[in-house]
file coords-v2.txt (compact mmCIF, C-alpha atoms and all ligand atoms)
# COMPACT_ATOMS: atom_id res chain seq x y z
CA MET A 289 62.88 142.16 138.64
CA ASP A 290 59.71 141.82 136.55
CA SER A 291 59.65 140.76 132.92
CA ALA A 292 59.22 144.35 131.66
CA GLN A 293 62.40 145.39 133.47
CA ALA A 294 64.23 142.29 132.21
CA ASP A 295 63.15 143.09 128.62
CA TRP A 296 64.26 146.70 128.98
CA ILE A 297 67.70 145.77 130.35
CA THR A 298 68.14 143.17 127.61
CA ARG A 299 67.20 145.59 124.82
CA GLU A 300 69.42 148.33 126.25
CA THR A 301 72.36 145.95 126.68
CA VAL A 302 72.15 144.56 123.16
CA THR A 303 71.73 148.02 121.61
CA ASN A 304 74.52 149.55 123.67
CA PHE A 305 76.88 146.69 122.83
CA ARG A 306 76.01 147.21 119.16
CA ASP A 307 76.33 151.00 119.16
CA HIS A 308 78.96 151.69 121.82
CA VAL A 309 80.98 148.60 122.79
CA ASN A 310 81.52 146.41 119.76
CA PRO A 311 78.84 144.85 117.56
CA GLY A 312 81.22 141.95 116.97
CA PHE A 313 80.35 140.60 120.41
CA LEU A 314 76.72 140.13 119.37
CA GLU A 315 77.77 137.90 116.49
CA TYR A 316 79.99 135.89 118.76
CA ARG A 317 77.67 135.33 121.72
CA LYS A 318 75.97 131.95 121.50
CA ALA A 319 72.71 133.16 122.97
CA THR A 320 72.26 136.43 121.14
CA ASP A 321 69.86 137.31 118.41
CA PRO A 322 70.63 140.93 117.47
CA ALA A 323 67.65 141.10 115.10
CA ARG A 324 65.30 140.52 118.03
CA ALA A 325 67.49 142.35 120.54
CA ALA A 326 67.39 139.12 122.53
CA ALA A 327 70.28 137.74 124.56
CA VAL A 328 71.30 136.13 127.78
CA VAL A 329 72.19 139.11 129.95
CA GLU A 330 73.84 138.15 133.21
CA TRP A 331 72.77 139.84 136.39
CA ALA A 332 74.04 138.08 139.50
CA ASP A 333 75.87 135.10 140.88
CA ALA A 334 73.57 132.29 141.95
CA GLY A 335 75.41 130.41 144.67
CA PRO A 336 79.08 129.48 144.41
CA ASN A 337 79.00 127.87 140.99
CA SER A 338 76.28 129.52 138.90
CA TYR A 339 75.06 132.74 137.30
CA ARG A 340 71.56 134.14 137.11
CA ASP A 341 70.38 136.13 134.10
CA VAL A 342 67.90 139.01 134.12
CA THR A 343 64.98 136.64 133.56
CA GLY A 344 65.90 134.58 136.64
CA ARG A 345 67.25 131.58 134.70
CA THR A 346 70.42 130.13 136.20
CA TYR A 347 73.45 128.70 134.41
CA LEU A 348 76.02 126.37 135.90
CA ASP A 349 79.43 127.93 135.32
CA CYS A 350 81.73 125.52 133.49
CA LEU A 351 83.93 128.27 132.17
CA GLY A 352 84.98 129.71 135.51
CA GLY A 353 85.46 133.15 133.96
CA PHE A 354 88.34 131.69 131.89
CA GLY A 355 89.84 130.53 135.19
CA ILE A 356 88.96 133.34 137.59
CA PHE A 357 86.55 131.52 139.87
CA ASN A 358 88.69 128.79 141.44
CA VAL A 359 87.23 129.41 144.92
CA GLY A 360 83.73 129.81 143.48
CA HIS A 361 81.68 132.94 142.99
CA ARG A 362 81.68 135.41 145.88
CA HIS A 363 83.28 133.10 148.42
CA PRO A 364 82.09 134.52 151.77
CA LYS A 365 85.61 134.62 153.27
CA VAL A 366 87.00 136.52 150.28
CA VAL A 367 84.03 138.89 150.21
CA LYS A 368 84.39 139.53 153.96
CA ALA A 369 88.14 140.22 153.70
CA VAL A 370 87.51 142.66 150.87
CA THR A 371 84.54 144.45 152.45
CA ASP A 372 86.37 144.77 155.80
CA GLN A 373 89.30 146.31 153.94
CA LEU A 374 86.96 148.50 151.89
CA ARG A 375 85.60 150.00 155.11
CA ARG A 376 89.11 150.58 156.48
CA GLN A 377 91.15 151.69 153.47
CA PRO A 378 90.47 150.67 149.84
CA LEU A 379 93.56 152.20 148.25
CA HIS A 380 96.95 152.97 149.72
CA SER A 381 98.96 156.17 150.05
CA GLN A 382 101.58 155.03 147.50
CA ASP A 383 104.24 156.46 149.79
CA LEU A 384 103.96 154.84 153.23
CA LEU A 385 104.50 151.12 153.80
CA ASP A 386 101.30 149.14 153.24
CA PRO A 387 101.05 146.06 155.46
CA LEU A 388 98.87 143.79 153.32
CA ARG A 389 101.25 143.90 150.36
CA ALA A 390 104.06 142.86 152.69
CA MET A 391 101.97 140.05 154.19
CA LEU A 392 100.88 138.76 150.78
CA ALA A 393 104.49 138.76 149.54
CA LYS A 394 105.58 136.78 152.61
CA THR A 395 102.68 134.34 152.16
CA LEU A 396 103.63 133.77 148.52
CA ALA A 397 107.26 133.20 149.44
CA MET A 398 106.12 130.42 151.78
CA LEU A 399 103.75 128.93 149.20
CA ALA A 400 105.65 129.22 145.92
CA PRO A 401 108.24 126.75 144.63
CA ASP A 402 111.67 126.85 146.25
CA GLY A 403 113.75 129.95 145.75
CA LEU A 404 110.90 132.31 144.79
CA GLU A 405 111.05 134.92 147.52
CA TYR A 406 110.09 138.34 146.15
CA SER A 407 106.85 139.54 144.58
CA PHE A 408 105.76 142.42 142.40
CA PHE A 409 102.01 142.96 142.32
CA CYS A 410 99.88 144.11 139.42
CA ASN A 411 96.29 143.92 138.21
CA SER A 412 96.17 141.35 135.42
CA GLY A 413 97.88 138.46 133.70
CA THR A 414 99.38 140.49 130.92
CA GLU A 415 100.97 142.87 133.44
CA ALA A 416 102.43 139.94 135.36
CA VAL A 417 104.06 138.71 132.15
CA GLU A 418 105.31 142.23 131.25
CA GLY A 419 106.92 142.41 134.69
CA ALA A 420 108.59 139.04 134.23
CA LEU A 421 109.93 139.95 130.77
CA LYS A 422 111.34 143.25 132.03
CA LEU A 423 112.95 141.58 135.05
CA ALA A 424 114.50 138.91 132.83
CA ARG A 425 115.99 141.47 130.47
CA ALA A 426 117.27 143.63 133.33
CA TYR A 427 118.83 140.60 135.01
CA ASP A 428 121.36 139.96 132.26
CA PRO A 429 121.51 142.64 129.57
CA SER A 430 123.97 140.49 127.60
CA LYS A 431 121.21 137.93 126.96
CA GLN A 432 118.23 139.66 125.43
CA THR A 433 116.49 136.87 123.52
CA ILE A 434 113.27 135.48 124.95
CA VAL A 435 111.92 132.16 123.70
CA GLY A 436 108.21 131.35 123.85
CA ALA A 437 106.19 128.48 122.42
CA THR A 438 103.87 128.16 119.47
CA LYS A 439 100.22 128.14 120.61
CA GLY A 440 101.34 129.96 123.77
CA PHE A 441 99.19 132.76 125.15
CA HIS A 442 100.37 135.36 127.64
CA GLY A 443 98.15 138.40 127.18
CA LYS A 444 97.56 141.27 124.79
CA SER A 445 99.83 144.15 125.78
CA TYR A 446 102.90 144.47 123.56
CA GLY A 447 105.42 142.42 125.52
CA SER A 448 103.09 139.56 126.38
CA LEU A 449 101.55 139.62 122.89
CA SER A 450 105.02 139.44 121.37
CA ALA A 451 105.63 136.30 123.41
CA SER A 452 102.23 134.88 122.45
CA ALA A 453 101.93 132.90 119.30
CA LYS A 454 98.59 133.45 117.65
CA ALA A 455 99.10 135.21 114.31
CA GLU A 456 95.57 136.58 114.20
CA PHE A 457 96.11 138.58 117.40
CA ARG A 458 99.57 139.82 116.42
CA ARG A 459 99.30 140.65 112.72
CA PRO A 460 97.21 143.83 112.95
CA PHE A 461 99.50 145.34 115.57
CA GLY A 462 103.03 144.68 114.33
CA PRO A 463 105.91 145.13 114.66
CA MET A 464 106.19 143.14 117.86
CA LEU A 465 109.01 143.44 120.41
CA PRO A 466 112.36 142.37 118.94
CA ASN A 467 114.35 139.30 119.99
CA ILE A 468 111.39 137.11 120.83
CA GLU A 469 111.47 133.69 119.18
CA HIS A 470 109.04 130.76 119.26
CA VAL A 471 109.60 127.02 119.21
CA PRO A 472 106.99 124.24 119.12
CA PHE A 473 105.60 123.44 122.57
CA ASN A 474 106.59 120.08 124.05
CA ASP A 475 109.59 119.78 121.74
CA LEU A 476 112.89 119.73 123.64
CA PRO A 477 115.17 119.26 120.61
CA ALA A 478 113.61 122.35 119.00
CA LEU A 479 114.32 124.39 122.12
CA HIS A 480 117.87 123.07 122.29
CA ASP A 481 118.46 124.00 118.63
CA MET A 482 117.03 127.47 119.12
CA MET A 483 119.20 128.14 122.17
CA THR A 484 122.27 126.84 120.35
CA SER A 485 121.60 129.00 117.27
CA CYS A 486 120.95 132.09 119.36
CA ARG A 487 124.24 131.58 121.18
CA ALA A 488 126.08 130.99 117.90
CA VAL A 489 124.98 134.37 116.53
CA GLY A 490 125.60 136.26 119.78
CA GLU A 491 121.89 136.74 120.58
CA ASP A 492 121.91 134.51 123.67
CA VAL A 493 118.66 133.40 125.24
CA GLY A 494 118.01 135.22 128.53
CA ALA A 495 114.69 133.56 129.30
CA VAL A 496 112.27 130.87 128.21
CA LEU A 497 108.63 131.76 128.82
CA LEU A 498 106.04 128.97 128.91
CA GLU A 499 102.68 128.00 130.31
CA PRO A 500 103.12 124.63 132.06
CA ILE A 501 99.91 123.56 130.32
CA GLN A 502 98.81 125.74 127.43
CA GLY A 503 95.32 126.97 128.30
CA GLU A 504 94.16 129.19 125.46
CA GLY A 505 96.18 127.18 122.96
CA GLY A 506 93.75 124.30 123.52
CA VAL A 507 94.59 122.77 126.93
CA ASN A 508 97.80 121.22 125.62
CA ILE A 509 99.41 119.00 128.23
CA PRO A 510 103.14 118.35 127.75
CA ASP A 511 104.93 115.04 128.22
CA ASP A 512 106.08 114.45 131.79
CA ASP A 513 109.74 115.00 130.90
CA TYR A 514 109.18 118.27 129.01
CA LEU A 515 109.32 120.86 131.79
CA PRO A 516 112.20 119.13 133.62
CA GLY A 517 114.00 119.07 130.25
CA VAL A 518 113.32 122.78 129.72
CA ARG A 519 114.65 123.50 133.22
CA ALA A 520 117.83 121.56 132.42
CA LEU A 521 118.31 123.44 129.13
CA CYS A 522 117.83 126.78 130.89
CA ASN A 523 120.48 125.77 133.43
CA GLU A 524 122.84 124.65 130.68
CA PHE A 525 122.48 127.88 128.69
CA GLY A 526 122.27 130.23 131.68
CA ALA A 527 118.73 131.32 130.82
CA LEU A 528 115.88 132.05 133.23
CA LEU A 529 112.75 129.93 133.20
CA ILE A 530 109.56 132.01 133.42
CA LEU A 531 106.41 130.00 134.02
CA ASP A 532 103.12 131.68 133.25
CA GLU A 533 100.71 130.15 135.79
CA VAL A 534 98.06 132.79 135.21
CA GLN A 535 95.53 130.14 134.22
CA THR A 536 97.08 126.96 135.66
CA GLY A 537 97.91 128.38 139.11
CA MET A 538 95.88 128.63 142.32
CA GLY A 539 94.90 124.96 142.41
CA ARG A 540 93.32 124.68 138.97
CA THR A 541 95.21 121.60 137.75
CA GLY A 542 95.20 119.67 141.05
CA LYS A 543 98.27 121.25 142.68
CA MET A 544 98.58 124.80 144.00
CA PHE A 545 100.88 125.53 141.03
CA CYS A 546 100.94 123.34 137.95
CA CYS A 547 104.76 123.17 137.88
CA GLU A 548 104.58 121.07 141.07
CA HIS A 549 103.25 118.14 139.00
CA TYR A 550 106.56 118.13 137.17
CA GLY A 551 108.87 118.88 140.12
CA VAL A 552 110.14 122.02 138.40
CA ALA A 553 110.81 125.39 140.07
CA PRO A 554 110.92 128.38 137.72
CA ASP A 555 113.02 131.51 138.28
CA LEU A 556 110.00 133.75 137.78
CA MET A 557 106.33 132.79 138.03
CA CYS A 558 103.32 134.80 136.85
CA LEU A 559 99.93 134.69 138.57
CA ALA A 560 96.61 136.47 137.99
CA LYS A 561 93.02 135.41 137.19
CA ALA A 562 92.01 133.32 140.27
CA PHE A 563 94.67 135.07 142.39
CA GLY A 564 92.11 137.74 143.34
CA GLY A 565 89.53 135.13 144.37
CA GLY A 566 87.07 136.10 141.65
CA VAL A 567 86.37 139.28 143.59
CA VAL A 568 89.17 141.78 142.84
CA PRO A 569 91.49 141.87 139.80
CA ALA A 570 94.99 141.00 140.97
CA GLY A 571 98.23 139.66 139.53
CA ALA A 572 101.77 138.98 140.64
CA VAL A 573 105.21 138.05 139.41
CA ILE A 574 107.21 136.12 141.97
CA GLY A 575 110.93 135.53 141.60
CA ARG A 576 114.32 134.75 142.94
CA ARG A 577 116.10 137.32 145.06
CA GLU A 578 119.01 137.88 142.70
CA ILE A 579 116.63 138.77 139.85
CA PHE A 580 114.56 141.18 141.92
CA ALA A 581 117.81 142.67 143.24
CA LYS A 582 118.02 144.60 139.95
CA LEU A 583 115.19 146.75 141.34
CA PHE A 584 116.59 147.18 144.86
CA ASP A 585 118.59 150.36 144.17
CA ASN A 586 115.58 151.99 142.60
CA PRO A 587 112.25 150.31 143.41
CA PHE A 588 110.52 152.76 141.08
CA LEU A 589 112.11 151.20 138.00
CA HIS A 590 108.99 149.07 137.59
CA THR A 591 105.78 150.15 139.36
CA SER A 592 101.99 150.12 139.12
CA THR A 593 99.75 152.63 140.89
CA PHE A 594 97.00 150.13 141.59
CA GLY A 595 99.13 146.97 141.71
CA GLY A 596 99.17 145.43 145.19
CA ASN A 597 96.37 147.70 146.42
CA PRO A 598 94.88 146.76 149.81
CA LEU A 599 91.63 145.39 148.35
CA ALA A 600 93.50 143.10 145.95
CA CYS A 601 95.91 141.94 148.65
CA ALA A 602 93.07 141.24 151.08
CA ALA A 603 91.34 139.21 148.36
CA ALA A 604 94.50 137.27 147.47
CA ILE A 605 95.39 136.43 151.10
CA ALA A 606 91.83 135.24 151.76
CA THR A 607 91.85 133.24 148.52
CA ILE A 608 95.04 131.42 149.46
CA ASN A 609 93.54 130.62 152.88
CA VAL A 610 90.38 129.23 151.30
CA LEU A 611 92.33 127.13 148.79
CA ILE A 612 94.34 125.58 151.62
CA GLU A 613 91.54 125.24 154.22
CA GLU A 614 89.10 123.69 151.78
CA ARG A 615 91.80 121.58 150.12
CA LEU A 616 90.62 122.79 146.74
CA PRO A 617 93.70 121.75 144.73
CA GLU A 618 93.23 118.15 145.97
CA ARG A 619 89.53 118.42 145.16
CA ALA A 620 90.39 119.58 141.63
CA ALA A 621 92.64 116.54 141.21
CA THR A 622 90.12 113.90 142.30
CA LEU A 623 86.96 115.44 140.88
CA GLY A 624 88.77 116.38 137.66
CA ALA A 625 90.03 112.82 137.15
CA ARG A 626 86.52 111.46 137.69
CA MET A 627 84.89 114.00 135.37
CA LEU A 628 87.48 113.46 132.67
CA GLY A 629 86.84 109.71 132.81
CA GLU A 630 83.11 110.32 132.34
CA ILE A 631 83.67 112.81 129.55
CA GLN A 632 86.01 110.43 127.74
CA LYS A 633 83.33 107.74 127.98
CA ALA A 634 80.79 110.16 126.48
CA VAL A 635 83.19 110.94 123.63
CA ALA A 636 83.70 107.23 122.91
CA HIS A 637 79.98 106.58 123.16
CA ASN A 638 79.13 109.18 120.52
CA SER A 639 81.99 108.39 118.25
CA GLY A 640 82.99 110.90 115.62
CA VAL A 641 81.31 113.95 117.18
CA ALA A 642 84.26 114.98 119.36
CA VAL A 643 87.75 113.76 118.59
CA ALA A 644 89.28 113.86 122.08
CA ALA A 645 88.89 114.91 125.69
CA ARG A 646 91.89 115.79 127.84
CA GLY A 647 92.69 117.64 131.01
CA LYS A 648 94.51 117.89 134.30
CA GLY A 649 92.58 118.64 137.46
CA LEU A 650 89.65 120.87 136.57
CA LEU A 651 91.29 122.32 133.45
CA MET A 652 89.68 120.14 130.79
CA ALA A 653 88.86 120.38 127.11
CA LEU A 654 86.85 118.64 124.46
CA GLU A 655 88.22 118.78 120.96
CA PHE A 656 85.94 118.73 117.89
CA PRO A 657 86.78 118.13 114.27
CA ASP A 658 85.89 121.73 113.39
CA HIS A 659 84.81 125.08 114.80
CA ALA A 660 81.16 124.67 113.73
CA THR A 661 80.66 121.41 115.68
CA GLY A 662 82.31 122.88 118.78
CA PHE A 663 80.07 125.93 118.55
CA GLU A 664 77.00 123.74 118.14
CA PHE A 665 78.05 121.75 121.21
CA ALA A 666 78.42 124.93 123.30
CA LYS A 667 74.91 125.97 122.24
CA HIS A 668 73.50 122.58 123.26
CA MET A 669 75.17 122.94 126.65
CA LEU A 670 73.72 126.42 127.10
CA ASP A 671 70.27 125.03 126.25
CA ARG A 672 70.88 122.70 129.22
CA ASP A 673 71.78 125.72 131.39
CA ILE A 674 75.52 125.05 131.42
CA LEU A 675 77.99 127.70 130.30
CA VAL A 676 81.07 126.47 128.40
CA SER A 677 83.20 128.29 125.88
CA GLY A 678 85.92 127.89 123.30
CA THR A 679 89.57 128.63 123.85
CA LEU A 680 91.34 131.38 121.97
CA VAL A 681 92.10 128.78 119.32
CA ASN A 682 88.36 128.84 118.59
CA ALA A 683 85.33 126.69 119.34
CA ARG A 684 87.12 123.64 117.91
CA THR A 685 88.41 123.21 121.45
CA ILE A 686 85.77 123.70 124.13
CA ARG A 687 87.07 124.10 127.64
CA ILE A 688 85.43 122.72 130.76
CA GLU A 689 86.83 124.83 133.57
CA PRO A 690 84.35 124.98 136.48
CA PRO A 691 85.00 126.53 139.89
CA LEU A 692 86.96 124.10 142.05
CA THR A 693 83.98 124.26 144.43
CA ILE A 694 81.64 122.60 141.92
CA ALA A 695 79.42 120.13 143.81
CA GLU A 696 79.58 116.41 143.00
CA GLU A 697 75.95 116.51 141.89
CA GLU A 698 76.69 119.48 139.59
CA ALA A 699 79.72 117.70 138.15
CA GLY A 700 77.47 114.72 137.41
CA ARG A 701 74.98 117.03 135.68
CA VAL A 702 77.76 118.43 133.50
CA CYS A 703 78.92 114.98 132.40
CA GLN A 704 75.36 113.94 131.63
CA ALA A 705 74.73 117.15 129.65
CA ILE A 706 77.94 116.55 127.68
CA ASN A 707 76.79 113.04 126.82
CA GLU A 708 73.33 114.27 125.79
CA SER A 709 74.70 117.15 123.74
CA LEU A 710 77.12 114.88 121.87
CA ALA A 711 74.30 112.38 121.27
CA GLU A 712 72.01 115.08 119.92
CA ILE A 713 74.65 116.31 117.48
CA SER A 714 75.32 112.73 116.41
CA GLN A 715 71.62 112.02 115.78
CA ARG A 716 71.11 115.15 113.68
CA ARG A 717 73.93 114.24 111.35
CA PRO A 718 72.98 112.81 107.97
CA ALA A 719 73.35 109.01 107.95
CA PRO A 720 76.35 107.82 105.92
CA VAL A 721 75.43 106.79 102.37
CA GLU A 722 75.48 102.97 101.97
CA GLY A 723 77.72 101.32 99.40
C1 LIG A 801 98.31 131.83 130.57
C2 LIG A 801 97.79 133.23 130.47
N1 LIG A 801 98.64 134.26 130.63
C3 LIG A 801 98.21 135.52 130.56
C4 LIG A 801 96.89 135.82 130.30
C5 LIG A 801 96.45 137.24 130.22
O1 LIG A 801 95.74 137.59 131.36
P1 LIG A 801 94.86 138.92 131.38
O2 LIG A 801 93.73 138.72 130.44
O3 LIG A 801 94.44 139.05 132.82
O4 LIG A 801 95.76 140.03 130.96
C6 LIG A 801 95.97 134.78 130.12
C7 LIG A 801 94.56 135.05 129.82
O5 LIG A 801 93.81 134.23 129.35
C8 LIG A 801 96.43 133.44 130.21
O6 LIG A 801 95.60 132.41 130.04
call {"tool": "encode", "arguments": {"input": "coords-v2.txt", "output": "structure tokens", "more": "lines below"}}
Ligand SMILES: Cc1ncc(COP(=O)(O)O)c(C=O)c1O
result
Amino acid sequence: MDSAQADWITRETVTNFRDHVNPGFLEYRKATDPARAAAVVEWADAGPNSYRDVTGRTYLDCLGGFGIFNVGHRHPKVVKAVTDQLRRQPLHSQDLLDPLRAMLAKTLAMLAPDGLEYSFFCNSGTEAVEGALKLARAYDPSKQTIVGATKGFHGKSYGSLSASAKAEFRRPFGPMLPNIEHVPFNDLPALHDMMTSCRAVGEDVGAVLLEPIQGEGGVNIPDDDYLPGVRALCNEFGALLILDEVQTGMGRTGKMFCCEHYGVAPDLMCLAKAFGGGVVPAGAVIGRREIFAKLFDNPFLHTSTFGGNPLACAAAIATINVLIEERLPERAATLGARMLGEIQKAVAHNSGVAVAARGKGLLMALEFPDHATGFEFAKHMLDRDILVSGTLVNARTIRIEPPLTIAEEEAGRVCQAINESLAEISQRRPAPVEG
């Protein structure tokens, strides 16, 4: 594309966002200047780990589409599976038996933690969580309370939003679903007290819904004994454990599913984001037979027209194959540990700019003292052609979440850019006043 075409697309995109999508996005985008109708407008993938904009500039992807691109951008095996299926049959009859859905469900039963044998397929993370909440309530109608965690994020439809914890996202849309409570994350006594109180007033807890590591809440990693403790409390109170692995699943944290780090098997597990290989939107809730049995008499109790469509199933099966063949979870563990070490060194080296760096596998975050510094850091990274972004907390926590296929050399570039960006912010700060 020549520069006149690139200018035209950029102007059109900025104006159309302003007039027909939401002008708020222009304020938010780091690289946008609405006054000049200038912006980074993406156009194509550039290899497995980068984007190219309309001007031909490339950006290394350290956001991974908020966790979509675990197998990289346009992995050839995923693209081939999807295009082969596209030529044969993109969408299913809805009435006959579709073979790929059956094969994907069997594959997941082999892959998922013990006891998870049945799958319901959908198109997104929020739908996976809705499915899990409905299954949990149907399983034992005498226990209707769901407990989530503060700083938890599960999506933005009503059920998943009700289980999420960020006031800003909930307040405009109230009232939320009833009988959903929240306790502080990583606090077993608080969960025990909540379950005890709910039982005492006859509003027993039917399910506890958690992310094993809170992604949008700021990459919050629990103590090693937290999830096993939650599992034990669920067993004690007869509640189901729902783990939302929408962001932590599919190898991201160094295991296929994050709960494997803690030796905990949930009763229901939610997947989406990277499940479709970064090619087709896809989600799933996977659960124990006795829970899914509530749908056996009438499988139409909970359905989705597009959920489990042949394109999505082809993408998910190919994605699982790639993750296993290329040993990407293991790669996330080793490369993530090395990168985190480097990033922590950079934080220590430029003391006071960032307050902490933490992570597991290739789900990492840098924490800043305030939103403005985090935002400035993200801008510095973009100037170095690396895309990073805040979490839903805000830019105070910047996530580093590259594709698991990121090359060693690219990982080194990221760590160097982080060091340089922190140093630049540090140098521009006014010197402390003596005396
Ligand atoms: C843990 C978790 N659950 C659910 C969701 C919602 O997924 P979706 O945006 O596909 O509805 C997200 C999205 O960020 C997530 O991180």
call {"tool": "axis_aligned_box", "arguments": {"input": "coords-v2.txt", "around": "ligand LIG 801 (chain A)", "padding_each_side": "8 Å", "output": "JSON"}}
result
{"center_x": 96.2, "center_y": 135.9, "center_z": 131.1, "size_x": 20.9, "size_y": 24.2, "size_z": 19.5}
call {"tool": "atom_distance", "arguments": {"input": "coords-v2.txt", "atom1": "CA of Leu556 in chain A", "atom2": "CA of Leu529 in chain A"}}
result
6.6 Å
call {"tool": "atom_distance", "arguments": {"input": "coords-v2.txt", "atom1": "CA of Leu675 in chain A", "atom2": "CA of Ile605 in chain A"}}
result
28.5 Å
call {"tool": "closest_residue", "arguments": {"input": "coords-v2.txt", "among": "A:Glu524, A:Glu613, A:Asp372, A:Glu504", "to": "ligand LIG 801 (chain A)", "atoms": "only C-alpha atoms and all ligand atoms"}}
result
A:Glu504
call {"tool": "closest_residue", "arguments": {"input": "coords-v2.txt", "among": "A:Phe409, A:Tyr550, A:Trp296, A:Phe441", "to": "ligand LIG 801 (chain A)", "atoms": "only C-alpha atoms and all ligand atoms"}}
result
A:Phe441
call {"tool": "closest_atom_pairs", "arguments": {"input": "coords-v2.txt", "of": "chain A", "to": "ligand LIG 801 (chain A)", "cutoff": "8 Å", "atoms": "only C-alpha atoms and all ligand atoms", "output": "tab-separated table"}}
result
residue	atom	partner	partner_atom	distance
A:Phe354	CA	A:LIG801	O5	6.5
A:Gly355	CA	A:LIG801	O6	8.0
A:Asn411	CA	A:LIG801	O3	7.5
A:Ser412	CA	A:LIG801	O3	3.9
A:Gly413	CA	A:LIG801	O1	3.3
A:Thr414	CA	A:LIG801	O4	3.6
A:Glu415	CA	A:LIG801	O4	6.4
A:Ala416	CA	A:LIG801	C3	7.8
A:Val417	CA	A:LIG801	C3	6.9
A:Gly440	CA	A:LIG801	C1	7.7
A:Phe441	CA	A:LIG801	C2	5.5
A:His442	CA	A:LIG801	N1	3.6
A:Gly443	CA	A:LIG801	C5	3.7
A:Lys444	CA	A:LIG801	O4	6.5
A:Ser445	CA	A:LIG801	O4	7.8
A:Ser448	CA	A:LIG801	C3	7.6
A:Glu499	CA	A:LIG801	C1	5.8
A:Gln502	CA	A:LIG801	C1	6.9
A:Gly503	CA	A:LIG801	O6	5.7
A:Glu504	CA	A:LIG801	O6	5.8
A:Asp532	CA	A:LIG801	C1	5.5
A:Glu533	CA	A:LIG801	C1	6.0
A:Val534	CA	A:LIG801	C1	4.7
A:Gln535	CA	A:LIG801	O6	4.8
A:Thr536	CA	A:LIG801	C1	7.2
A:Cys558	CA	A:LIG801	N1	7.8
A:Ala560	CA	A:LIG801	O3	6.2
A:Lys561	CA	A:LIG801	O3	5.9
A:Gly571	CA	A:LIG801	O3	7.7
call {"tool": "residues_around", "arguments": {"input": "coords-v2.txt", "residues": "Glu708 in chain A", "least_positions_apart": "4", "cutoff": "12 Å", "atoms": "only C-alpha atoms", "output": "number ranges by chain"}}
result
A: 631, 634-635, 637-638, 641, 665, 668-669, 671-672, 701-704, 712-715
call {"tool": "atom_distance", "arguments": {"input": "coords-v2.txt", "atom1": "CA of Ile509 in chain A", "atom2": "CA of Gly565 in chain A"}}
result
24.9 Å
call {"tool": "closest_residue", "arguments": {"input": "coords-v2.txt", "among": "A:Val676, A:Ala397, A:Ala369, A:Ala332", "to": "Ala604 in chain A", "atoms": "only C-alpha atoms"}}
result
A:Ala369
call {"tool": "closest_residue", "arguments": {"input": "coords-v2.txt", "among": "A:Asp481, A:Val329, A:Glu630, A:Asn310", "to": "Asp295 in chain A", "atoms": "all atoms listed in the file"}}
result
A:Val329
call {"tool": "residues_around", "arguments": {"input": "coords-v2.txt", "residues": "Phe473 in chain A", "least_positions_apart": "2", "cutoff": "7 Å", "atoms": "all atoms listed in the file", "output": "list in words"}}
result
Ala437, Thr438, Val471 and Asp475 of chain A
call {"tool": "closest_residue", "arguments": {"input": "coords-v2.txt", "among": "A:Ala292, A:Leu680, A:Ala572, A:Cys601", "to": "Ala453 in chain A", "atoms": "only C-alpha atoms"}}
result
A:Leu680
call {"tool": "residues_around", "arguments": {"input": "coords-v2.txt", "residues": "Asp513 in chain A", "least_positions_apart": "2", "cutoff": "12 Å", "atoms": "only C-alpha atoms", "output": "VMD selection string"}}
result
chain A and resid 474 to 476 500 509 to 511 515 to 520 547 549 to 552
call {"tool": "write_last_selection", "arguments": {"input": "coords-v2.txt", "atoms": "C-alpha atoms", "output": "mmCIF file, keeping the file's coordinate frame"}}
result
data_model
loop_
_atom_site.group_PDB
_atom_site.id
_atom_site.type_symbol
_atom_site.label_atom_id
_atom_site.label_comp_id
_atom_site.auth_asym_id
_atom_site.auth_seq_id
_atom_site.Cartn_x
_atom_site.Cartn_y
_atom_site.Cartn_z
ATOM 1 C CA ASN A 474 106.590 120.080 124.050
ATOM 2 C CA ASP A 475 109.590 119.780 121.740
ATOM 3 C CA LEU A 476 112.890 119.730 123.640
ATOM 4 C CA PRO A 500 103.120 124.630 132.060
ATOM 5 C CA ILE A 509 99.410 119.000 128.230
ATOM 6 C CA PRO A 510 103.140 118.350 127.750
ATOM 7 C CA ASP A 511 104.930 115.040 128.220
ATOM 8 C CA LEU A 515 109.320 120.860 131.790
ATOM 9 C CA PRO A 516 112.200 119.130 133.620
ATOM 10 C CA GLY A 517 114.000 119.070 130.250
ATOM 11 C CA VAL A 518 113.320 122.780 129.720
ATOM 12 C CA ARG A 519 114.650 123.500 133.220
ATOM 13 C CA ALA A 520 117.830 121.560 132.420
ATOM 14 C CA CYS A 547 104.760 123.170 137.880
ATOM 15 C CA HIS A 549 103.250 118.140 139.000
ATOM 16 C CA TYR A 550 106.560 118.130 137.170
ATOM 17 C CA GLY A 551 108.870 118.880 140.120
ATOM 18 C CA VAL A 552 110.140 122.020 138.400
#
call {"tool": "closest_residue", "arguments": {"input": "coords-v2.txt", "among": "A:Ala400, A:Ala695, A:Ala683, A:Leu599", "to": "Val367 in chain A", "atoms": "all atoms listed in the file"}}
result
A:Leu599
call {"tool": "residues_near_point", "arguments": {"input": "coords-v2.txt", "point": "(121.5, 129.1, 131.7)", "cutoff": "12 Å", "atoms": "all atoms listed in the file", "output": "PyMOL selection string"}}
result
chain A and resi 428+431+480+483-484+487+492-496+518-529+555
call {"tool": "residues_around", "arguments": {"input": "coords-v2.txt", "residues": "Gln632 in chain A", "least_positions_apart": "2", "cutoff": "12 Å", "atoms": "all atoms listed in the file", "output": "list of chain:residue names"}}
result
A:Gly624, A:Ala625, A:Arg626, A:Met627, A:Leu628, A:Gly629, A:Glu630, A:Ala634, A:Val635, A:Ala636, A:His637, A:Asn638, A:Ser639, A:Ala642, A:Val643, A:Ala644, A:Ala645, A:Arg646, A:Gly647, A:Met652, A:Ala653, A:Leu654, A:Glu655, A:Cys703, A:Gln704, A:Ile706, A:Asn707, A:Leu710
